[in-house]
$ cat model02.csv   # CSV, C-alpha atoms
chain,number,residue,atom,x,y,z
A,1,ILE,CA,0.0,0.0,0.0
A,2,THR,CA,1.4,3.4,-1.0
A,3,PHE,CA,0.2,6.9,-0.1
A,4,PRO,CA,-1.6,8.8,-1.2
A,5,VAL,CA,-4.2,6.2,-1.8
A,6,ASP,CA,-5.8,6.2,-5.3
A,7,THR,CA,-9.4,6.9,-4.3
A,8,ARG,CA,-10.7,5.7,-7.7
A,9,VAL,CA,-10.5,2.1,-6.4
A,10,CYS,CA,-12.6,2.8,-3.3
A,11,ARG,CA,-15.1,5.4,-4.2
A,12,VAL,CA,-18.0,3.2,-3.3
A,13,GLU,CA,-16.5,2.5,0.2
A,14,LEU,CA,-15.8,6.1,0.8
A,15,ALA,CA,-19.4,7.0,-0.1
A,16,SER,CA,-20.7,4.5,2.5
A,17,CYS,CA,-19.4,6.6,5.4
A,18,GLN,CA,-18.0,3.5,7.0
A,19,PHE,CA,-15.0,5.2,8.5
A,20,PHE,CA,-14.4,8.9,9.3
A,21,GLN,CA,-13.0,11.3,11.8
A,22,GLN,CA,-15.3,13.8,13.6
A,23,GLY,CA,-15.1,15.6,17.0
A,24,LYS,CA,-13.0,15.0,20.1
A,25,ASP,CA,-13.6,13.0,23.3
A,26,ARG,CA,-13.7,14.4,26.8
A,27,LYS,CA,-9.9,14.2,27.0
A,28,GLY,CA,-9.4,16.1,23.7
A,29,ASN,CA,-8.5,13.1,21.6
A,30,PRO,CA,-9.8,13.1,18.0
A,31,ILE,CA,-12.5,10.5,17.4
A,32,PHE,CA,-12.6,8.1,14.5
A,33,TYR,CA,-15.8,6.1,13.9
A,34,PHE,CA,-15.9,2.7,12.2
A,35,ARG,CA,-19.4,1.4,11.3
A,36,ASN,CA,-19.9,-2.3,10.8
A,37,MET,CA,-23.3,-1.8,9.3
A,38,CYS,CA,-24.1,0.6,6.5
A,39,ARG,CA,-26.9,1.2,4.0
A,40,GLY,CA,-26.9,-0.9,0.9
A,41,PRO,CA,-25.2,-4.2,0.3
A,42,TRP,CA,-21.4,-4.6,0.7
A,43,ARG,CA,-19.6,-5.5,-2.5
A,44,ARG,CA,-17.2,-7.7,-0.5
A,45,ASP,CA,-14.1,-6.0,-1.8
A,46,VAL,CA,-11.8,-6.2,1.3
A,47,ASP,CA,-8.9,-4.4,-0.5
A,48,ALA,CA,-11.1,-1.5,-1.4
A,49,THR,CA,-12.5,-1.2,2.1
A,50,VAL,CA,-8.9,-1.2,3.5
A,51,PHE,CA,-7.9,1.5,1.0
A,52,ALA,CA,-10.9,3.7,2.0
A,53,VAL,CA,-10.1,3.3,5.7
A,54,LEU,CA,-6.4,4.0,5.3
A,55,HIS,CA,-7.1,7.0,3.0
A,56,ARG,CA,-9.4,8.6,5.6
A,57,LEU,CA,-7.0,7.7,8.5
A,58,GLU,CA,-3.9,9.0,6.8
A,59,THR,CA,-5.5,12.2,5.6
A,60,ALA,CA,-6.9,13.0,9.0
A,61,MET,CA,-3.7,12.0,10.9
A,62,THR,CA,-1.6,14.3,8.6
A,63,GLU,CA,-3.8,17.3,9.5
A,64,LEU,CA,-4.1,16.4,13.2
A,65,SER,CA,-0.3,15.9,13.5
A,66,LYS,CA,0.2,19.5,12.4
A,67,GLU,CA,-1.6,20.6,15.6
A,68,ASN,CA,0.0,18.0,17.8
A,69,PRO,CA,2.8,15.7,16.5
A,70,ASP,CA,2.0,13.3,19.4
A,71,VAL,CA,-1.7,13.1,18.8
A,72,ARG,CA,-3.5,10.0,20.0
A,73,CYS,CA,-7.0,9.1,18.9
A,74,THR,CA,-10.1,7.4,20.2
A,75,VAL,CA,-11.7,4.8,17.9
A,76,ILE,CA,-15.4,4.1,18.3
A,77,VAL,CA,-16.6,0.9,16.6
A,78,LEU,CA,-20.4,0.6,16.0
A,79,MET,CA,-21.2,-3.0,15.4
A,80,GLY,CA,-25.0,-2.6,14.9
A,81,LYS,CA,-27.4,-0.3,13.1
A,82,PRO,CA,-27.6,3.4,14.0
A,83,VAL,CA,-28.9,3.9,17.5
A,84,CYS,CA,-32.4,5.2,18.0
A,85,GLU,CA,-34.3,6.0,21.2
A,86,GLU,CA,-36.6,3.1,21.0
A,87,ASN,CA,-33.8,0.6,20.5
A,88,ASN,CA,-32.0,1.9,23.5
A,89,LYS,CA,-35.0,1.5,25.8
A,90,ASP,CA,-35.8,-2.0,24.6
A,91,SER,CA,-32.3,-3.5,24.3
A,92,GLU,CA,-32.0,-4.8,27.8
A,93,ASN,CA,-35.5,-6.4,27.7
A,94,ARG,CA,-35.4,-8.0,24.4
A,95,GLU,CA,-35.7,-11.8,24.6
A,96,ASP,CA,-33.2,-13.9,22.7
A,97,THR,CA,-35.1,-16.7,20.9
A,98,THR,CA,-32.2,-18.1,18.8
A,99,PRO,CA,-31.8,-21.9,19.1
A,100,GLU,CA,-28.8,-23.0,21.1
A,101,LYS,CA,-27.3,-24.9,18.2
A,102,GLU,CA,-27.5,-21.9,15.9
A,103,LYS,CA,-25.9,-19.7,18.6
A,104,GLU,CA,-22.9,-22.1,18.9
A,105,GLU,CA,-22.4,-21.9,15.1
A,106,LEU,CA,-22.8,-18.1,14.9
A,107,LEU,CA,-20.3,-17.6,17.7
A,108,ASN,CA,-17.5,-19.6,16.1
A,109,PRO,CA,-14.7,-17.0,15.8
A,110,PHE,CA,-13.0,-18.9,13.0
A,111,ARG,CA,-15.9,-18.5,10.5
A,112,VAL,CA,-14.9,-15.9,8.0
A,113,ASN,CA,-18.4,-15.0,7.0
A,114,LEU,CA,-20.1,-15.1,10.4
A,115,PHE,CA,-20.7,-11.3,10.5
A,116,GLU,CA,-23.3,-11.8,7.8
A,117,HIS,CA,-25.5,-13.9,10.1
A,118,LEU,CA,-25.9,-11.0,12.5
A,119,ILE,CA,-28.4,-9.2,10.3
A,120,GLY,CA,-32.0,-9.3,11.6
A,121,GLN,CA,-35.0,-10.0,9.4
A,122,ASN,CA,-36.2,-6.4,9.7
A,123,ASP,CA,-32.8,-4.7,8.9
A,124,GLU,CA,-33.3,-4.6,5.2
A,125,ASP,CA,-31.8,-1.2,4.7
A,126,TYR,CA,-28.6,-1.9,6.6
A,127,TYR,CA,-26.0,-4.6,5.7
A,128,VAL,CA,-22.9,-5.8,7.3
A,129,HIS,CA,-19.9,-4.3,5.6
A,130,SER,CA,-17.1,-6.4,7.1
A,131,ASN,CA,-15.9,-9.8,7.9
A,132,LEU,CA,-13.0,-11.3,10.0
A,133,VAL,CA,-10.6,-11.1,7.1
A,134,LEU,CA,-11.1,-7.3,6.9
A,135,ALA,CA,-10.9,-7.0,10.7
A,136,HIS,CA,-7.6,-8.9,10.8
A,137,ARG,CA,-6.2,-6.7,7.9
A,138,LEU,CA,-7.2,-3.5,9.6
A,139,ILE,CA,-5.9,-4.6,13.0
A,140,ASP,CA,-2.6,-5.7,11.5
A,141,LEU,CA,-2.0,-2.5,9.5
A,142,SER,CA,-3.0,-0.2,12.3
A,143,THR,CA,-0.9,-1.8,15.0
A,144,ARG,CA,2.1,-2.0,12.7
A,145,HIS,CA,2.0,1.5,11.2
A,146,TYR,CA,0.2,3.4,14.0
A,147,PRO,CA,1.3,1.6,17.2
A,148,GLU,CA,1.2,4.5,19.6
A,149,ARG,CA,-1.6,6.5,18.1
A,150,LEU,CA,-4.5,4.7,19.9
A,151,ALA,CA,-5.7,6.3,23.1
A,152,ARG,CA,-8.6,4.0,23.4
A,153,ALA,CA,-11.0,1.9,21.4
A,154,LEU,CA,-14.7,1.8,22.4
A,155,ILE,CA,-16.7,-1.1,20.8
A,156,VAL,CA,-20.5,-0.9,20.9
A,157,PRO,CA,-22.0,-4.4,20.2
A,158,GLY,CA,-25.1,-4.6,18.1
A,159,ASN,CA,-26.6,-7.4,20.1
A,160,GLY,CA,-25.5,-10.3,22.4
A,161,PHE,CA,-23.9,-12.2,19.5
A,162,THR,CA,-21.8,-9.3,18.4
A,163,LYS,CA,-20.6,-8.7,21.9
A,164,THR,CA,-19.3,-12.3,22.1
A,165,LEU,CA,-18.0,-12.0,18.6
A,166,THR,CA,-16.2,-8.8,19.4
A,167,THR,CA,-14.5,-10.4,22.4
A,168,PHE,CA,-13.2,-13.4,20.5
A,169,GLY,CA,-13.0,-12.1,17.0
A,170,LEU,CA,-11.2,-8.8,17.6
A,171,ARG,CA,-9.7,-8.5,21.0
A,172,ALA,CA,-8.2,-12.0,20.9
A,173,TYR,CA,-6.3,-11.3,17.7
A,174,ILE,CA,-4.4,-8.2,19.0
A,175,ALA,CA,-1.0,-9.5,20.1
A,176,GLN,CA,0.2,-6.4,22.0
A,177,SER,CA,-1.0,-6.4,25.6
A,178,ARG,CA,-0.7,-2.6,25.7
A,179,THR,CA,-3.0,-2.3,22.8
A,180,ARG,CA,-5.5,-4.8,24.2
A,181,ALA,CA,-5.6,-2.8,27.5
A,182,ARG,CA,-6.9,0.2,25.6
A,183,ILE,CA,-9.9,-1.7,24.2
A,184,THR,CA,-13.2,-1.3,26.1
A,185,ILE,CA,-16.3,-3.3,25.1
A,186,LEU,CA,-19.4,-1.4,26.1
A,187,LYS,CA,-22.8,-2.9,27.0
A,188,GLU,CA,-24.7,-0.3,25.0
A,189,ALA,CA,-24.3,2.9,23.0
A,190,ARG,CA,-25.3,5.2,25.8
A,191,GLU,CA,-22.1,4.3,27.7
A,192,LEU,CA,-20.2,6.3,25.0
A,193,GLN,CA,-21.3,9.4,26.8
A,194,HIS,CA,-18.9,8.6,29.6
A,195,PHE,CA,-16.1,9.3,27.1
A,196,VAL,CA,-17.7,11.7,24.7
A,197,ARG,CA,-20.0,14.6,25.4
A,198,LYS,CA,-23.5,14.1,23.9
A,199,ASN,CA,-23.4,17.3,21.9
A,200,VAL,CA,-20.2,16.0,20.3
A,201,LEU,CA,-21.1,12.4,19.8
A,202,ILE,CA,-22.7,11.7,16.4
A,203,ASP,CA,-26.4,11.1,16.3
A,204,ILE,CA,-26.2,7.5,14.9
A,205,ALA,CA,-24.2,6.7,18.1
A,206,GLY,CA,-26.8,8.2,20.4
A,207,GLY,CA,-25.5,11.7,20.4
A,208,LYS,CA,-26.7,15.0,19.1
A,209,ALA,CA,-24.1,15.9,16.5
A,210,SER,CA,-24.9,15.5,12.8
A,211,MET,CA,-22.5,13.7,10.7
A,212,ASN,CA,-20.2,15.8,8.6
A,213,PRO,CA,-21.8,16.1,5.2
A,214,ASN,CA,-18.4,15.5,3.6
A,215,TYR,CA,-18.7,11.9,4.8
A,216,CYS,CA,-22.3,11.3,3.7
$ encode --input "model02.csv" --output "C-alpha cells"
Amino acid sequence: ITFPVDTRVCRVELASCQFFQQGKDRKGNPIFYFRNMCRGPWRRDVDATVFAVLHRLETAMTELSKENPDVRCTVIVLMGKPVCEENNKDSENREDTTPEKEKEELLNPFRVNLFEHLIGQNDEDYYVHSNLVLAHRLIDLSTRHYPERLARALIVPGNGFTKTLTTFGLRAYIAQSRTRARITILKEARELQHFVRKNVLIDIAGGKASMNPNYC
C-alpha cells in the first residue's frame, strides 16, 4: 500500500461513510468512527475497504499531527445499526429466541463469514460491511503502522452475539497487551457518553451531533 491512496479504487466504500473522523472526546483526543453496518449491500471488496479506511485515516492524521505531533486518537466501533431512542429502551428487555445450536455456530470466531449472520430480518436497509478477514487486515495494519496513536477503542456491540464475537473475533487477535488494554467493550451505546459529550457524539451513536456532510 502506498500513499496517497488512489481513491478511484474505493469510491463506493468512501461513499458508504463507514470510517471517518469527527469531533474529540472528553480528553481532547480526536474521534474516529468505524461502522460495521451501512446502508446498501457490501460489495465484498476487502482491499477497497482497506484502502478507504487508510485514506481517511492517513488524511486525518496528517492534519491532526500538524496541531499535535504526538496526537493520540479514540476509535469508536459501532457493530450494529444506528442507535435510536426506541432501540436503547428495549435493548435490555429483548428476549433472545435463537436456538442454542445456531448460537454455537454463529459464535464460532473462526468462521470468516459469520458477520453476515448477525443481520436481523427487519434490517433490510442496513447490511454488514465487514468480515473477519477485513478485521484482521485493519488490526494488523493499524498496529504495525500506528502503534502508539491509539488512546482507546470503544466497541459498541449490536446485540448479544456481536458482543461475544467482538470479544473473541477482535480483541483476541491483537497481540500487543498494551493495545489490548486500551480496548473497552461497552454494554450499549449510551455508555459512550462517559467518554464523549452528547453534543459532540454523532447522532447515529446516540449523540446530538450530525455527521459531517463530507462523509455522507
$ closest_residue --input "model02.csv" --among "A:Cys10, A:Thr179, A:Thr184, A:Arg26" --to "A:Tyr146" --atoms "all atoms listed in the file"
A:Thr179
$ residues_around --input "model02.csv" --residues "A:Met211" --least-positions-apart "3" --cutoff "10 Å" --atoms "only C-alpha atoms" --output "NGL selection string"
:A and (17 or 20-23 or 201-204 or 208 or 214-216)
$ residues_around --input "model02.csv" --residues "A:Val75" --least-positions-apart "6" --cutoff "6 Å" --atoms "all atoms listed in the file" --output "list in words"
Ile31, Phe32, Tyr33 and Ala153 of chain A
$ write_last_selection --input "model02.csv" --atoms "C-alpha atoms" --output "PDB file, keeping the file's coordinate frame"
ATOM      1  CA  ILE A  31     -12.500  10.500  17.400  1.00  0.00           C
ATOM      2  CA  PHE A  32     -12.600   8.100  14.500  1.00  0.00           C
ATOM      3  CA  TYR A  33     -15.800   6.100  13.900  1.00  0.00           C
ATOM      4  CA  ALA A 153     -11.000   1.900  21.400  1.00  0.00           C
TER       5      ALA A 153
END
$ closest_residue --input "model02.csv" --among "A:Ala15, A:Ala205, A:Ile155, A:Val200" --to "A:Arg182" --atoms "all atoms listed in the file"
A:Ile155
$ atom_distance --input "model02.csv" --atom1 "atom CA of A:Arg72" --atom2 "atom CA of A:Ala60"
11.9 Å
$ residues_around --input "model02.csv" --residues "A:Leu54" --least-positions-apart "5" --cutoff "10 Å" --atoms "only C-alpha atoms" --output "short mmCIF file (atom, residue, chain, number, x, y, z; two decimals) with C-alpha atoms, in the frame of the given file"
data_model
loop_
_atom_site.label_atom_id
_atom_site.label_comp_id
_atom_site.auth_asym_id
_atom_site.auth_seq_id
_atom_site.Cartn_x
_atom_site.Cartn_y
_atom_site.Cartn_z
CA ILE A 1 0.00 0.00 0.00
CA PHE A 3 0.20 6.90 -0.10
CA PRO A 4 -1.60 8.80 -1.20
CA VAL A 5 -4.20 6.20 -1.80
CA PHE A 19 -15.00 5.20 8.50
CA ALA A 48 -11.10 -1.50 -1.40
CA THR A 49 -12.50 -1.20 2.10
CA THR A 59 -5.50 12.20 5.60
CA ALA A 60 -6.90 13.00 9.00
CA LEU A 138 -7.20 -3.50 9.60
CA LEU A 141 -2.00 -2.50 9.50
CA SER A 142 -3.00 -0.20 12.30
#
$ residues_around --input "model02.csv" --residues "A:Trp42" --least-positions-apart "6" --cutoff "12 Å" --atoms "all atoms listed in the file" --output "PyMOL selection string"
chain A and resi 12-13+15-16+18+36+48-49+115-116+125-131
